[in-house]
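File shown: protein-v3.txt (compact mmCIF, C-alpha atoms (C1' of nucleotides)).
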# COMPACT_ATOMS: atom_id res chain seq x y z
CA MET A 24 129.56 77.61 48.91
CA SER A 25 131.24 76.07 45.86
CA LYS A 26 134.86 75.04 46.23
CA ALA A 27 136.65 77.71 44.19
CA ALA A 28 134.03 80.19 43.15
CA GLU A 29 134.81 83.12 45.46
CA LYS A 30 135.26 85.47 42.53
CA THR A 31 133.01 88.42 43.15
CA ARG A 32 131.48 88.50 46.55
CA THR A 33 129.84 91.65 47.84
CA LEU A 34 128.88 90.34 51.26
CA SER A 35 131.34 89.40 53.98
CA THR A 36 131.14 86.25 56.02
CA ALA A 37 130.01 86.50 59.61
CA GLU A 38 133.49 85.61 60.79
CA GLU A 39 135.07 88.40 58.76
CA ARG A 40 132.55 90.87 60.18
CA ARG A 41 133.26 89.72 63.71
CA GLU A 42 136.92 90.34 63.07
CA THR A 43 136.43 93.90 61.81
CA LEU A 44 133.99 94.47 64.66
CA ILE A 45 136.56 93.49 67.26
CA ARG A 46 139.14 95.70 65.62
CA ALA A 47 136.69 98.60 65.71
CA ALA A 48 135.69 97.88 69.30
CA VAL A 49 139.18 97.86 70.81
CA PRO A 50 139.92 101.60 70.51
CA VAL A 51 136.44 102.55 71.74
CA PHE A 52 136.62 100.31 74.80
CA ALA A 53 140.18 101.52 75.34
CA GLU A 54 139.12 105.13 75.52
CA LYS A 55 135.87 104.94 77.48
CA GLY A 56 135.82 101.58 79.19
CA TYR A 57 133.03 99.03 79.20
CA HIS A 58 130.14 101.18 80.40
CA GLY A 59 131.23 104.30 78.52
CA ALA A 60 131.66 102.76 75.09
CA PRO A 61 128.48 103.01 72.97
CA THR A 62 127.68 100.10 70.68
CA THR A 63 126.48 102.62 68.10
CA GLU A 64 129.95 104.11 67.83
CA ILE A 65 131.58 100.69 67.53
CA ALA A 66 129.15 99.66 64.79
CA LYS A 67 129.70 102.93 62.93
CA ARG A 68 133.49 102.50 63.04
CA ALA A 69 133.13 98.94 61.75
CA GLY A 70 130.92 100.19 58.95
CA ILE A 71 127.90 98.09 59.83
CA SER A 72 124.55 98.75 61.44
CA GLN A 73 124.08 98.52 65.18
CA ALA A 74 121.40 95.88 64.65
CA TYR A 75 123.88 93.59 62.93
CA LEU A 76 126.38 94.11 65.73
CA PHE A 77 123.91 92.55 68.13
CA ARG A 78 123.41 89.61 65.82
CA LEU A 79 127.14 88.91 65.69
CA PHE A 80 127.61 89.52 69.42
CA PRO A 81 124.30 88.95 71.24
CA THR A 82 125.35 91.18 74.13
CA LYS A 83 127.75 94.06 74.60
CA GLU A 84 129.45 92.01 77.30
CA GLU A 85 130.42 89.29 74.81
CA LEU A 86 131.92 91.87 72.49
CA PHE A 87 133.92 93.33 75.37
CA VAL A 88 135.25 89.92 76.32
CA ALA A 89 136.22 89.35 72.68
CA ALA A 90 138.12 92.64 72.73
CA ILE A 91 139.89 91.55 75.91
CA ASP A 92 140.83 88.18 74.40
CA ARG A 93 142.15 89.97 71.36
CA SER A 94 144.44 92.24 73.34
CA CYS A 95 145.58 89.22 75.36
CA LYS A 96 146.45 87.38 72.17
CA VAL A 97 148.57 90.31 71.00
CA MET A 98 150.58 90.16 74.21
CA HIS A 99 150.91 86.41 74.09
CA ASP A 100 152.13 86.44 70.49
CA SER A 101 154.59 89.19 71.29
CA PHE A 102 156.03 87.16 74.16
CA THR A 103 156.37 83.90 72.26
CA GLU A 104 157.98 85.71 69.34
CA ALA A 105 160.44 87.37 71.71
CA ALA A 106 161.24 84.02 73.29
CA ASP A 107 161.89 82.52 69.86
CA ARG A 108 164.22 85.39 69.04
CA ALA A 109 166.06 85.00 72.34
CA ASP A 110 166.51 81.27 71.79
CA ALA A 111 167.86 81.84 68.29
CA ASP A 112 170.29 84.55 69.42
CA GLY A 113 171.31 82.89 72.66
CA LEU A 114 170.01 85.74 74.84
CA ASP A 115 168.12 85.75 78.12
CA PRO A 116 164.48 85.09 77.19
CA LEU A 117 163.04 87.01 80.14
CA GLU A 118 165.05 90.09 79.25
CA VAL A 119 164.07 89.99 75.57
CA MET A 120 160.44 89.48 76.50
CA GLY A 121 160.65 92.50 78.77
CA GLU A 122 162.02 94.63 75.95
CA ALA A 123 159.28 93.34 73.67
CA TYR A 124 156.64 94.35 76.18
CA GLY A 125 158.11 97.83 76.48
CA GLU A 126 157.86 98.31 72.73
CA LEU A 127 154.40 96.76 72.60
CA VAL A 128 153.02 99.18 75.19
CA LEU A 129 154.65 102.08 73.37
CA ASN A 130 153.04 101.50 69.98
CA ASN A 131 149.89 99.65 70.97
CA ARG A 132 148.43 101.84 73.64
CA GLU A 133 144.88 100.64 73.02
CA MET A 134 145.69 97.10 74.02
CA LEU A 135 147.10 98.37 77.29
CA LEU A 136 144.06 100.51 78.08
CA VAL A 137 141.65 97.67 77.37
CA GLN A 138 143.62 95.61 79.89
CA LEU A 139 143.39 98.33 82.54
CA HIS A 140 139.67 98.82 82.02
CA ALA A 141 139.15 95.07 82.16
CA GLN A 142 141.11 94.78 85.41
CA ALA A 143 139.06 97.55 87.01
CA ILE A 144 135.64 96.21 85.97
CA SER A 145 136.51 92.54 86.53
CA SER A 146 135.24 92.62 90.09
CA SER A 147 131.69 93.34 88.94
CA ILE A 148 131.48 91.37 85.67
CA PRO A 149 132.21 87.65 86.17
CA ALA A 150 132.90 86.94 82.49
CA VAL A 151 135.52 89.68 82.43
CA ARG A 152 137.14 88.39 85.58
CA GLU A 153 137.32 84.93 84.07
CA ALA A 154 138.88 86.27 80.87
CA MET A 155 141.49 88.20 82.83
CA ARG A 156 142.35 85.16 84.93
CA GLU A 157 142.86 83.08 81.82
CA ASN A 158 144.94 85.89 80.39
CA PHE A 159 147.32 85.89 83.33
CA ALA A 160 147.41 82.10 83.34
CA GLY A 161 148.48 82.06 79.71
CA LEU A 162 151.03 84.82 80.12
CA TYR A 163 152.52 83.21 83.19
CA ALA A 164 152.67 79.88 81.39
CA VAL A 165 154.69 81.21 78.47
CA ALA A 166 156.98 83.13 80.81
CA ALA A 167 157.56 80.09 82.99
CA GLU A 168 158.05 77.63 80.12
CA ARG A 169 160.30 79.74 77.92
CA THR A 170 162.61 81.00 80.67
CA ASN A 171 164.42 79.35 83.54
CA ALA A 172 163.37 82.06 85.95
CA SER A 173 162.32 81.20 89.50
CA PRO A 174 158.80 82.01 90.72
CA GLU A 175 160.23 84.94 92.68
CA GLU A 176 161.88 86.32 89.57
CA LEU A 177 158.69 85.89 87.58
CA LYS A 178 156.76 87.68 90.29
CA VAL A 179 159.10 90.67 90.18
CA TRP A 180 158.99 90.59 86.40
CA PHE A 181 155.19 90.69 86.32
CA ALA A 182 155.15 93.41 88.94
CA GLY A 183 157.38 95.50 86.72
CA GLY A 184 154.94 95.01 83.86
CA MET A 185 152.07 96.26 86.02
CA LEU A 186 154.08 99.36 86.88
CA ILE A 187 154.79 100.01 83.22
CA ASN A 188 151.06 99.79 82.52
CA VAL A 189 150.06 102.33 85.14
CA MET A 190 152.87 104.77 84.42
CA THR A 191 152.09 104.68 80.71
CA ALA A 192 148.38 105.20 81.38
CA ILE A 193 148.93 108.37 83.41
CA GLY A 194 151.65 109.57 81.02
CA ALA A 195 154.35 109.75 83.65
CA ASN A 196 157.02 109.80 80.96
CA GLU A 197 155.89 113.30 79.97
CA LEU A 198 156.77 114.69 83.39
CA ASP A 199 160.04 116.01 84.78
CA GLN A 200 159.39 115.35 88.47
CA PRO A 201 161.82 112.93 90.13
CA TRP A 202 159.12 110.43 91.06
CA ALA A 203 158.09 110.18 87.42
CA LYS A 204 161.68 109.89 86.25
CA THR A 205 162.21 107.03 88.67
CA LEU A 206 158.97 105.08 88.28
CA ALA A 207 158.58 105.57 84.53
CA ASP A 208 162.16 104.88 83.50
CA PHE A 209 162.04 101.56 81.68
CA GLU A 210 165.33 102.17 79.84
CA GLY A 211 164.37 99.94 76.94
CA ASP A 212 163.39 96.94 78.98
CA CYS A 213 161.29 96.11 82.00
CA SER A 214 163.51 93.63 83.73
CA PHE A 215 163.66 94.24 87.42
CA THR A 216 166.50 91.92 88.18
CA PRO A 217 168.20 93.76 91.05
CA ILE A 218 171.54 95.42 90.52
CA PRO A 219 173.77 94.27 93.39
CA MET B 12 126.09 131.60 112.18
CA SER B 13 126.17 132.67 115.83
CA LYS B 14 129.30 131.78 117.72
CA ALA B 15 128.02 129.03 120.02
CA ALA B 16 124.42 128.37 119.09
CA GLU B 17 124.66 125.07 117.20
CA LYS B 18 122.15 123.45 119.50
CA THR B 19 119.36 122.12 117.36
CA ARG B 20 120.06 122.16 113.65
CA THR B 21 117.95 120.13 111.29
CA LEU B 22 119.84 121.06 108.12
CA SER B 23 123.42 120.05 107.41
CA THR B 24 126.06 122.42 106.19
CA ALA B 25 127.17 122.18 102.58
CA GLU B 26 130.54 120.86 103.69
CA GLU B 27 128.96 118.06 105.72
CA ARG B 28 126.81 117.10 102.76
CA ARG B 29 129.81 117.04 100.46
CA GLU B 30 131.50 114.69 102.89
CA THR B 31 128.60 112.23 103.04
CA LEU B 32 128.28 112.53 99.26
CA ILE B 33 131.88 111.51 98.71
CA ARG B 34 131.48 108.59 101.07
CA ALA B 35 128.40 107.49 99.16
CA ALA B 36 130.11 107.97 95.80
CA VAL B 37 133.20 105.86 96.47
CA PRO B 38 131.52 102.43 96.47
CA VAL B 39 129.46 103.27 93.39
CA PHE B 40 132.44 104.47 91.39
CA ALA B 41 134.38 101.49 92.68
CA GLU B 42 131.87 99.03 91.31
CA LYS B 43 130.98 100.58 87.95
CA GLY B 44 133.67 103.09 87.13
CA TYR B 45 133.22 106.68 86.05
CA HIS B 46 130.87 106.21 83.10
CA GLY B 47 128.89 103.40 84.67
CA ALA B 48 128.13 105.06 87.99
CA PRO B 49 124.77 106.89 87.94
CA THR B 50 124.51 110.15 89.90
CA THR B 51 120.98 109.15 90.88
CA GLU B 52 122.28 106.13 92.76
CA ILE B 53 124.98 108.16 94.51
CA ALA B 54 122.46 110.78 95.59
CA LYS B 55 120.05 108.13 96.85
CA ARG B 56 122.78 106.46 98.90
CA ALA B 57 123.74 109.82 100.38
CA GLY B 58 120.11 110.46 101.26
CA ILE B 59 119.76 113.66 99.25
CA SER B 60 118.12 114.62 95.97
CA GLN B 61 120.01 114.37 92.72
CA ALA B 62 119.37 118.08 92.13
CA TYR B 63 121.25 118.98 95.29
CA LEU B 64 124.12 116.72 94.31
CA PHE B 65 124.66 118.88 91.25
CA ARG B 66 124.66 122.02 93.35
CA LEU B 67 127.38 120.64 95.63
CA PHE B 68 129.38 119.17 92.73
CA PRO B 69 128.55 121.06 89.52
CA THR B 70 129.63 118.13 87.34
CA LYS B 71 129.93 114.39 87.77
CA GLU B 72 133.59 114.72 86.86
CA GLU B 73 134.30 116.91 89.90
CA LEU B 74 132.62 114.38 92.17
CA PHE B 75 134.71 111.59 90.66
CA VAL B 76 137.91 113.55 91.22
CA ALA B 77 136.84 114.16 94.81
CA ALA B 78 136.33 110.40 95.24
CA ILE B 79 139.80 109.80 93.82
CA ASP B 80 141.36 112.35 96.15
CA ARG B 81 139.59 110.71 99.05
CA SER B 82 140.94 107.26 98.30
CA CYS B 83 144.39 108.78 97.80
CA LYS B 84 144.19 110.40 101.21
CA VAL B 85 143.34 107.07 102.81
CA MET B 86 146.49 105.54 101.32
CA HIS B 87 148.64 108.49 102.27
CA ASP B 88 147.41 108.45 105.86
CA SER B 89 147.97 104.72 106.07
CA PHE B 90 151.56 105.12 104.89
CA THR B 91 152.48 107.97 107.22
CA GLU B 92 150.95 106.14 110.14
CA ALA B 93 152.94 103.02 109.26
CA ALA B 94 156.11 105.09 109.01
CA ASP B 95 155.45 106.59 112.44
CA ARG B 96 154.97 103.11 113.87
CA ALA B 97 158.16 101.87 112.25
CA ASP B 98 160.14 104.80 113.63
CA ALA B 99 158.79 104.22 117.11
CA ASP B 100 159.53 100.48 117.06
CA GLY B 101 162.86 100.75 115.25
CA LEU B 102 161.70 98.71 112.27
CA ASP B 103 162.28 99.12 108.55
CA PRO B 104 159.77 101.77 107.43
CA LEU B 105 159.45 100.43 103.89
CA GLU B 106 158.61 96.98 105.17
CA VAL B 107 156.03 98.23 107.65
CA MET B 108 154.47 100.44 104.98
CA GLY B 109 154.24 97.41 102.72
CA GLU B 110 152.45 95.42 105.39
CA ALA B 111 150.12 98.37 105.99
CA TYR B 112 149.25 98.49 102.29
CA GLY B 113 148.50 94.79 102.23
CA GLU B 114 146.05 95.18 105.08
CA LEU B 115 144.57 98.33 103.56
CA VAL B 116 143.80 96.60 100.27
CA LEU B 117 142.32 93.67 102.13
CA ASN B 118 139.72 95.59 104.11
CA ASN B 119 139.23 98.64 101.91
CA ARG B 120 138.60 97.13 98.54
CA GLU B 121 136.60 100.12 97.32
CA MET B 122 139.56 102.43 97.56
CA LEU B 123 141.59 100.06 95.43
CA LEU B 124 138.92 99.76 92.74
CA VAL B 125 138.49 103.51 92.51
CA GLN B 126 142.23 103.72 91.90
CA LEU B 127 142.10 101.12 89.12
CA HIS B 128 139.16 102.79 87.41
CA ALA B 129 140.89 106.15 87.67
CA GLN B 130 144.08 104.76 86.14
CA ALA B 131 142.17 103.29 83.22
CA ILE B 132 140.12 106.38 82.44
CA SER B 133 142.93 108.88 83.12
CA SER B 134 144.02 108.86 79.49
CA SER B 135 140.74 110.37 78.34
CA ILE B 136 139.84 112.68 81.26
CA PRO B 137 142.57 115.27 81.91
CA ALA B 138 141.35 116.16 85.40
CA VAL B 139 141.55 112.51 86.42
CA ARG B 140 145.02 112.15 84.96
CA GLU B 141 146.15 115.19 86.91
CA ALA B 142 144.67 113.82 90.13
CA MET B 143 146.42 110.48 89.62
CA ARG B 144 149.74 112.15 88.93
CA GLU B 145 149.45 114.16 92.12
CA ASN B 146 148.52 110.98 93.92
CA PHE B 147 151.67 109.18 92.85
CA ALA B 148 153.77 112.27 93.55
CA GLY B 149 152.45 112.40 97.11
CA LEU B 150 152.85 108.68 97.70
CA TYR B 151 156.37 108.65 96.29
CA ALA B 152 157.25 111.66 98.44
CA VAL B 153 156.23 109.99 101.68
CA ALA B 154 157.97 106.76 100.70
CA ALA B 155 161.17 108.59 99.79
CA GLU B 156 161.19 110.85 102.85
CA ARG B 157 160.32 108.30 105.49
CA THR B 158 162.65 105.55 104.29
CA ASN B 159 166.27 105.42 103.24
CA ALA B 160 165.48 103.33 100.19
CA SER B 161 167.22 103.97 96.89
CA PRO B 162 165.20 104.97 93.80
CA GLU B 163 165.63 101.43 92.46
CA GLU B 164 164.27 99.96 95.67
CA LEU B 165 161.35 102.37 95.61
CA LYS B 166 160.63 101.43 92.02
CA VAL B 167 160.49 97.73 92.88
CA TRP B 168 158.37 98.52 95.91
CA PHE B 169 155.83 100.48 93.88
CA ALA B 170 155.81 97.78 91.21
CA GLY B 171 154.91 95.25 93.88
CA GLY B 172 152.06 97.49 94.97
CA MET B 173 150.70 97.59 91.42
CA LEU B 174 150.82 93.79 91.25
CA ILE B 175 148.93 93.54 94.53
CA ASN B 176 146.26 95.84 93.09
CA VAL B 177 145.70 93.80 89.96
CA MET B 178 145.82 90.39 91.64
CA THR B 179 143.34 91.58 94.26
CA ALA B 180 141.03 92.99 91.59
CA ILE B 181 140.81 89.71 89.69
CA GLY B 182 140.59 87.70 92.90
CA ALA B 183 143.70 85.62 92.20
CA ASN B 184 143.92 84.63 95.85
CA GLU B 185 140.76 82.53 95.42
CA LEU B 186 142.47 80.30 92.87
CA ASP B 187 144.63 77.24 93.28
CA GLN B 188 146.59 77.47 90.02
CA PRO B 189 150.36 77.86 90.44
CA TRP B 190 150.46 81.22 88.64
CA ALA B 191 147.92 82.61 91.10
CA LYS B 192 149.76 81.15 94.08
CA THR B 193 152.96 82.80 92.90
CA LEU B 194 151.70 86.20 91.79
CA ALA B 195 149.12 86.68 94.54
CA ASP B 196 151.21 85.50 97.46
CA PHE B 197 151.92 88.64 99.46
CA GLU B 198 152.70 86.71 102.63
CA GLY B 199 151.72 89.55 104.89
CA ASP B 200 153.78 92.20 103.22
CA CYS B 201 154.51 93.49 99.74
CA SER B 202 158.23 94.13 100.03
CA PHE B 203 160.06 92.95 96.94
CA THR B 204 163.54 93.36 98.29
CA PRO B 205 165.36 90.50 96.56
CA ILE B 206 166.44 87.47 98.53
CA PRO B 207 170.15 86.95 97.74
C1' DC C 23 109.54 141.14 112.66
C1' DC C 24 111.72 141.38 108.43
C1' DT C 25 115.25 140.57 105.02
C1' DT C 26 118.91 137.95 103.04
C1' DT C 27 121.43 133.92 102.54
C1' DT C 28 121.82 129.01 102.60
C1' DT C 29 119.93 124.40 102.35
C1' DG C 30 117.00 121.46 99.87
C1' DT C 31 113.59 119.38 96.44
C1' DG C 32 109.86 117.90 92.61
C1' DA C 33 109.42 117.89 88.23
C1' DG C 34 111.11 118.08 84.42
C1' DT C 35 114.28 117.94 79.59
C1' DA C 36 116.74 116.50 75.75
C1' DA C 37 119.82 113.24 74.56
C1' DC C 38 121.44 108.64 74.65
C1' DC C 39 121.73 103.61 75.40
C1' DG C 40 121.30 98.47 74.76
C1' DA C 41 118.47 95.53 72.59
C1' DT C 42 114.49 93.94 69.39
C1' DC C 43 111.82 93.03 65.26
C1' DA C 44 110.10 93.01 60.89
C1' DC C 45 111.85 93.09 56.59
C1' DA C 46 115.02 93.27 52.47
C1' DC C 47 118.82 91.54 49.75
C1' DA C 48 122.59 88.26 48.32
C1' DC C 49 124.02 83.71 47.81
C1' DA C 50 124.17 78.61 46.91
C1' DA C 51 121.84 74.35 45.81
C1' DT C 52 118.04 71.87 43.71
C1' DA D 29 112.71 79.45 38.82
C1' DT D 30 112.24 78.22 43.42
C1' DT D 31 113.62 77.34 47.84
C1' DG D 32 116.29 77.80 51.85
C1' DT D 33 119.96 80.10 54.27
C1' DG D 34 123.05 83.56 55.58
C1' DT D 35 123.97 88.69 55.42
C1' DG D 36 122.39 93.17 56.49
C1' DT D 37 119.37 97.29 57.82
C1' DG D 38 115.64 101.01 59.26
C1' DA D 39 112.76 101.96 62.63
C1' DT D 40 111.78 101.90 67.14
C1' DC D 41 111.13 100.77 72.02
C1' DG D 42 111.52 101.13 76.99
C1' DG D 43 114.62 102.76 80.02
C1' DT D 44 118.42 105.57 81.69
C1' DT D 45 121.50 109.59 81.80
C1' DA D 46 123.59 114.12 83.25
C1' DC D 47 121.94 118.22 84.16
C1' DT D 48 118.38 122.33 84.87
C1' DC D 49 114.89 125.39 86.84
C1' DA D 50 111.40 127.16 89.48
C1' DC D 51 110.23 127.12 94.04
C1' DA D 52 110.04 126.25 99.14
C1' DA D 53 111.73 125.94 103.91
C1' DA D 54 115.19 126.78 107.30
C1' DA D 55 118.73 129.50 109.23
C1' DA D 56 121.31 133.83 110.20
C1' DG D 57 121.57 138.69 110.77
C1' DG D 58 119.52 143.01 111.71
The structure given in the file should be rewritten as structure tokens.
Amino acid sequence: MSKAAEKTRTLSTAEERRETLIRAAVPVFAEKGYHGAPTTEIAKRAGISQAYLFRLFPTKEELFVAAIDRSCKVMHDSFTEAADRADADGLDPLEVMGEAYGELVLNNREMLLVQLHAQAISSSIPAVREAMRENFAGLYAVAAERTNASPEELKVWFAGGMLINVMTAIGANELDQPWAKTLADFEGDCSFTPIP
Amino acid sequence: MSKAAEKTRTLSTAEERRETLIRAAVPVFAEKGYHGAPTTEIAKRAGISQAYLFRLFPTKEELFVAAIDRSCKVMHDSFTEAADRADADGLDPLEVMGEAYGELVLNNREMLLVQLHAQAISSSIPAVREAMRENFAGLYAVAAERTNASPEELKVWFAGGMLINVMTAIGANELDQPWAKTLADFEGDCSFTPIP
DNA sequence: CCTTTTTGTGAGTAACCGATCACACACAAT
DNA sequence: ATTGTGTGTGATCGGTTACTCACAAAAAGG
């Protein structure tokens, strides 16, 4: 391609198509999981043919892993941004990151559901398991580096995140039962630092 | 049926068949999730025809909900039994129930995976969501009634359970990385009561 | 023995799924 | 203009899926 001649281009580059494909795939995988999501529907949402989908991602599995990595990146970015904000404002990074996660889950439900589906299917698809392990490794790394929390505190913090995930998935916040009020009350953050 | 003439019966009752069907369905749903689990494979494992499967459970969805309820019952029974044991031995019920859950997850992996798949798909299948809500209601009830833990303690306890689920699903215990050592170290129990 | 109910199956059906292949069009460089 | 390369699709294939229906055998009741 010439250096500065991208004036009128009707075709997209493969990388651009892969990007739109991932964005189209996330909500479909989120709703129906790996086995339930048809590649035809993903291709249609992306506005391309199913045949071209399989050229850009040779197998459905690779596309699913790409969708997982995408939702992991969203979380990672959200955490680092929260840590930056906490450093600038002199607040507790772990607490700010917890609040950021609460908001992220609230207005990015698809990312959460992709994570849950990936966790469930990871035991039978090695590539998914590997992606999820790397995901947790990266998330733990940023949490450990940007805060001065002890391993025990980090453990409780991650556990709280897992609870938020499940409660959001089953819509516990819509219920009035006491168990739902207790387990799904994140009161703006997800810090589980015990109140003495 | 005559009162006491069950001597030689070659055919099973419908209820017996439903039982064996559920037992055959659990591992299949556990491995592939709702959409990925074929009814043909479940029927074959149960030793009956697929046609008869659909007479005993008119839809695949009903069979999946039955599998969920089954795995919920296993957890519930495990908890009540642990609470009984704790009462008899004068131990902390919450702690004993935590240990019981750790063992349960270890040697009943299928139950755990059915739970994870059900959580993930609950947002798109109302009957599954309802089953999962009832599941948590029942589990919270037994935990609240059999222990004297505060809502905050119960919340942290449940959060720890969710972390155990995810770490077990991705096999974090097989890894040597520090994040895995920290997050997947249940050291015999899953009580998250903070160490002061 | 005869009738009714329950247990059980072989053989489908219509739709759908992941993946493939030949082929067409757009682009950039020679 | 030609050539080579990257972008994109229609048609289709072999296999699988949830679910159905006609039909048979066993059991229970009389």
Kindly determine which residues of chain A lie within 8 Å of chain B, considering all atoms listed in the file, and give the answer as a PDB file with C-alpha atoms, keeping the file's coordinate frame.
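The resulting file, out.pdb, is shown below:
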ATOM      1  CA  GLU A  54     139.120 105.130  75.520  1.00  0.00           C
ATOM      2  CA  LYS A  55     135.870 104.940  77.480  1.00  0.00           C
ATOM      3  CA  GLY A  56     135.820 101.580  79.190  1.00  0.00           C
ATOM      4  CA  HIS A  58     130.140 101.180  80.400  1.00  0.00           C
ATOM      5  CA  GLY A  59     131.230 104.300  78.520  1.00  0.00           C
ATOM      6  CA  LEU A 136     144.060 100.510  78.080  1.00  0.00           C
ATOM      7  CA  LEU A 139     143.390  98.330  82.540  1.00  0.00           C
ATOM      8  CA  HIS A 140     139.670  98.820  82.020  1.00  0.00           C
ATOM      9  CA  GLN A 142     141.110  94.780  85.410  1.00  0.00           C
ATOM     10  CA  ALA A 143     139.060  97.550  87.010  1.00  0.00           C
ATOM     11  CA  ILE A 144     135.640  96.210  85.970  1.00  0.00           C
ATOM     12  CA  SER A 145     136.510  92.540  86.530  1.00  0.00           C
ATOM     13  CA  SER A 146     135.240  92.620  90.090  1.00  0.00           C
ATOM     14  CA  SER A 147     131.690  93.340  88.940  1.00  0.00           C
ATOM     15  CA  ARG A 152     137.140  88.390  85.580  1.00  0.00           C
ATOM     16  CA  MET A 155     141.490  88.200  82.830  1.00  0.00           C
ATOM     17  CA  ARG A 156     142.350  85.160  84.930  1.00  0.00           C
ATOM     18  CA  PHE A 159     147.320  85.890  83.330  1.00  0.00           C
ATOM     19  CA  ALA A 160     147.410  82.100  83.340  1.00  0.00           C
ATOM     20  CA  TYR A 163     152.520  83.210  83.190  1.00  0.00           C
ATOM     21  CA  ALA A 164     152.670  79.880  81.390  1.00  0.00           C
ATOM     22  CA  PRO A 174     158.800  82.010  90.720  1.00  0.00           C
ATOM     23  CA  GLU A 175     160.230  84.940  92.680  1.00  0.00           C
ATOM     24  CA  LYS A 178     156.760  87.680  90.290  1.00  0.00           C
ATOM     25  CA  VAL A 179     159.100  90.670  90.180  1.00  0.00           C
ATOM     26  CA  PHE A 181     155.190  90.690  86.320  1.00  0.00           C
ATOM     27  CA  ALA A 182     155.150  93.410  88.940  1.00  0.00           C
ATOM     28  CA  GLY A 183     157.380  95.500  86.720  1.00  0.00           C
ATOM     29  CA  GLY A 184     154.940  95.010  83.860  1.00  0.00           C
ATOM     30  CA  MET A 185     152.070  96.260  86.020  1.00  0.00           C
ATOM     31  CA  LEU A 186     154.080  99.360  86.880  1.00  0.00           C
ATOM     32  CA  VAL A 189     150.060 102.330  85.140  1.00  0.00           C
ATOM     33  CA  ALA A 192     148.380 105.200  81.380  1.00  0.00           C
ATOM     34  CA  ILE A 193     148.930 108.370  83.410  1.00  0.00           C
ATOM     35  CA  GLY A 194     151.650 109.570  81.020  1.00  0.00           C
ATOM     36  CA  ALA A 195     154.350 109.750  83.650  1.00  0.00           C
ATOM     37  CA  TRP A 202     159.120 110.430  91.060  1.00  0.00           C
ATOM     38  CA  ALA A 203     158.090 110.180  87.420  1.00  0.00           C
ATOM     39  CA  THR A 205     162.210 107.030  88.670  1.00  0.00           C
ATOM     40  CA  LEU A 206     158.970 105.080  88.280  1.00  0.00           C
ATOM     41  CA  PHE A 215     163.660  94.240  87.420  1.00  0.00           C
ATOM     42  CA  PRO A 217     168.200  93.760  91.050  1.00  0.00           C
TER      43      PRO A 217
END
Give as a PyMOL selection string every residue of chain B that touches chain C within 9 Å, counting only C-alpha atoms (C1' of nucleotides). chain B and resi 22-25+59-63
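Between atom CA of Ser82 of chain B and atom CA of Glu133 of chain A the separation is 26.4 Å.
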Residue list for chain D near chain B as a PDB file with C-alpha atoms (C1' of nucleotides), keeping the file's coordinate frame, 10 Å, all atoms listed in the file:
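The result, stored in iface.pdb:
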ATOM      1  C1'  DT D  44     118.420 105.570  81.690  1.00  0.00           C
ATOM      2  C1'  DT D  45     121.500 109.590  81.800  1.00  0.00           C
ATOM      3  C1'  DA D  46     123.590 114.120  83.250  1.00  0.00           C
ATOM      4  C1'  DC D  47     121.940 118.220  84.160  1.00  0.00           C
ATOM      5  C1'  DT D  48     118.380 122.330  84.870  1.00  0.00           C
ATOM      6  C1'  DA D  54     115.190 126.780 107.300  1.00  0.00           C
ATOM      7  C1'  DA D  55     118.730 129.500 109.230  1.00  0.00           C
ATOM      8  C1'  DA D  56     121.310 133.830 110.200  1.00  0.00           C
ATOM      9  C1'  DG D  57     121.570 138.690 110.770  1.00  0.00           C
TER      10       DG D  57
END
Enclosing box along x, y and z for every listed atom of segment 153-166 of chain B, padded 3 Å each side, centre and size in Å, one decimal, as JSON:
{"center_x": 161.7, "center_y": 105.4, "center_z": 98.8, "size_x": 17.0, "size_y": 16.9, "size_z": 19.5}
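Here atom CA of Phe197 of chain B stands at a distance of 10.4 Å from atom CA of Glu114 of chain B.
Between atom CA of Gly113 of chain A and atom CA of Ser173 of chain A lies a distance of 19.2 Å.
Between Arg132 of chain A and the residues A:Ala106, A:Glu157, A:Asp92, A:Val97, the shortest atom-to-atom distance, using all atoms listed in the file, involves A:Val97.
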Please write segment 34-54 of chain D of the preceding block to a file containing C-alpha atoms (C1' of nucleotides), as a short mmCIF file (atom, residue, chain, number, x, y, z; two decimals), in the first residue's frame?
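Produced file selection.cif, reproduced below:
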data_model
loop_
_atom_site.label_atom_id
_atom_site.label_comp_id
_atom_site.auth_asym_id
_atom_site.auth_seq_id
_atom_site.Cartn_x
_atom_site.Cartn_y
_atom_site.Cartn_z
"C1'" DG D 34 -5.43 -9.63 -0.30
"C1'" DT D 35 -10.56 -9.19 0.46
"C1'" DG D 36 -14.95 -11.28 0.12
"C1'" DT D 37 -18.93 -14.51 -1.14
"C1'" DG D 38 -22.51 -18.26 -2.86
"C1'" DA D 39 -23.21 -22.74 -2.78
"C1'" DT D 40 -22.84 -26.76 -0.53
"C1'" DC D 41 -21.40 -30.78 2.15
"C1'" DG D 42 -21.44 -34.27 5.74
"C1'" DG D 43 -22.91 -34.58 10.12
"C1'" DT D 44 -25.66 -33.48 14.17
"C1'" DT D 45 -29.70 -31.76 16.68
"C1'" DA D 46 -34.16 -31.72 19.36
"C1'" DC D 47 -38.16 -33.72 18.85
"C1'" DT D 48 -42.18 -36.84 16.78
"C1'" DC D 49 -45.06 -40.80 15.56
"C1'" DA D 50 -46.61 -45.17 14.74
"C1'" DC D 51 -46.27 -49.36 16.87
"C1'" DA D 52 -45.06 -53.26 20.06
"C1'" DA D 53 -44.47 -55.69 24.47
"C1'" DA D 54 -45.14 -55.99 29.32
#
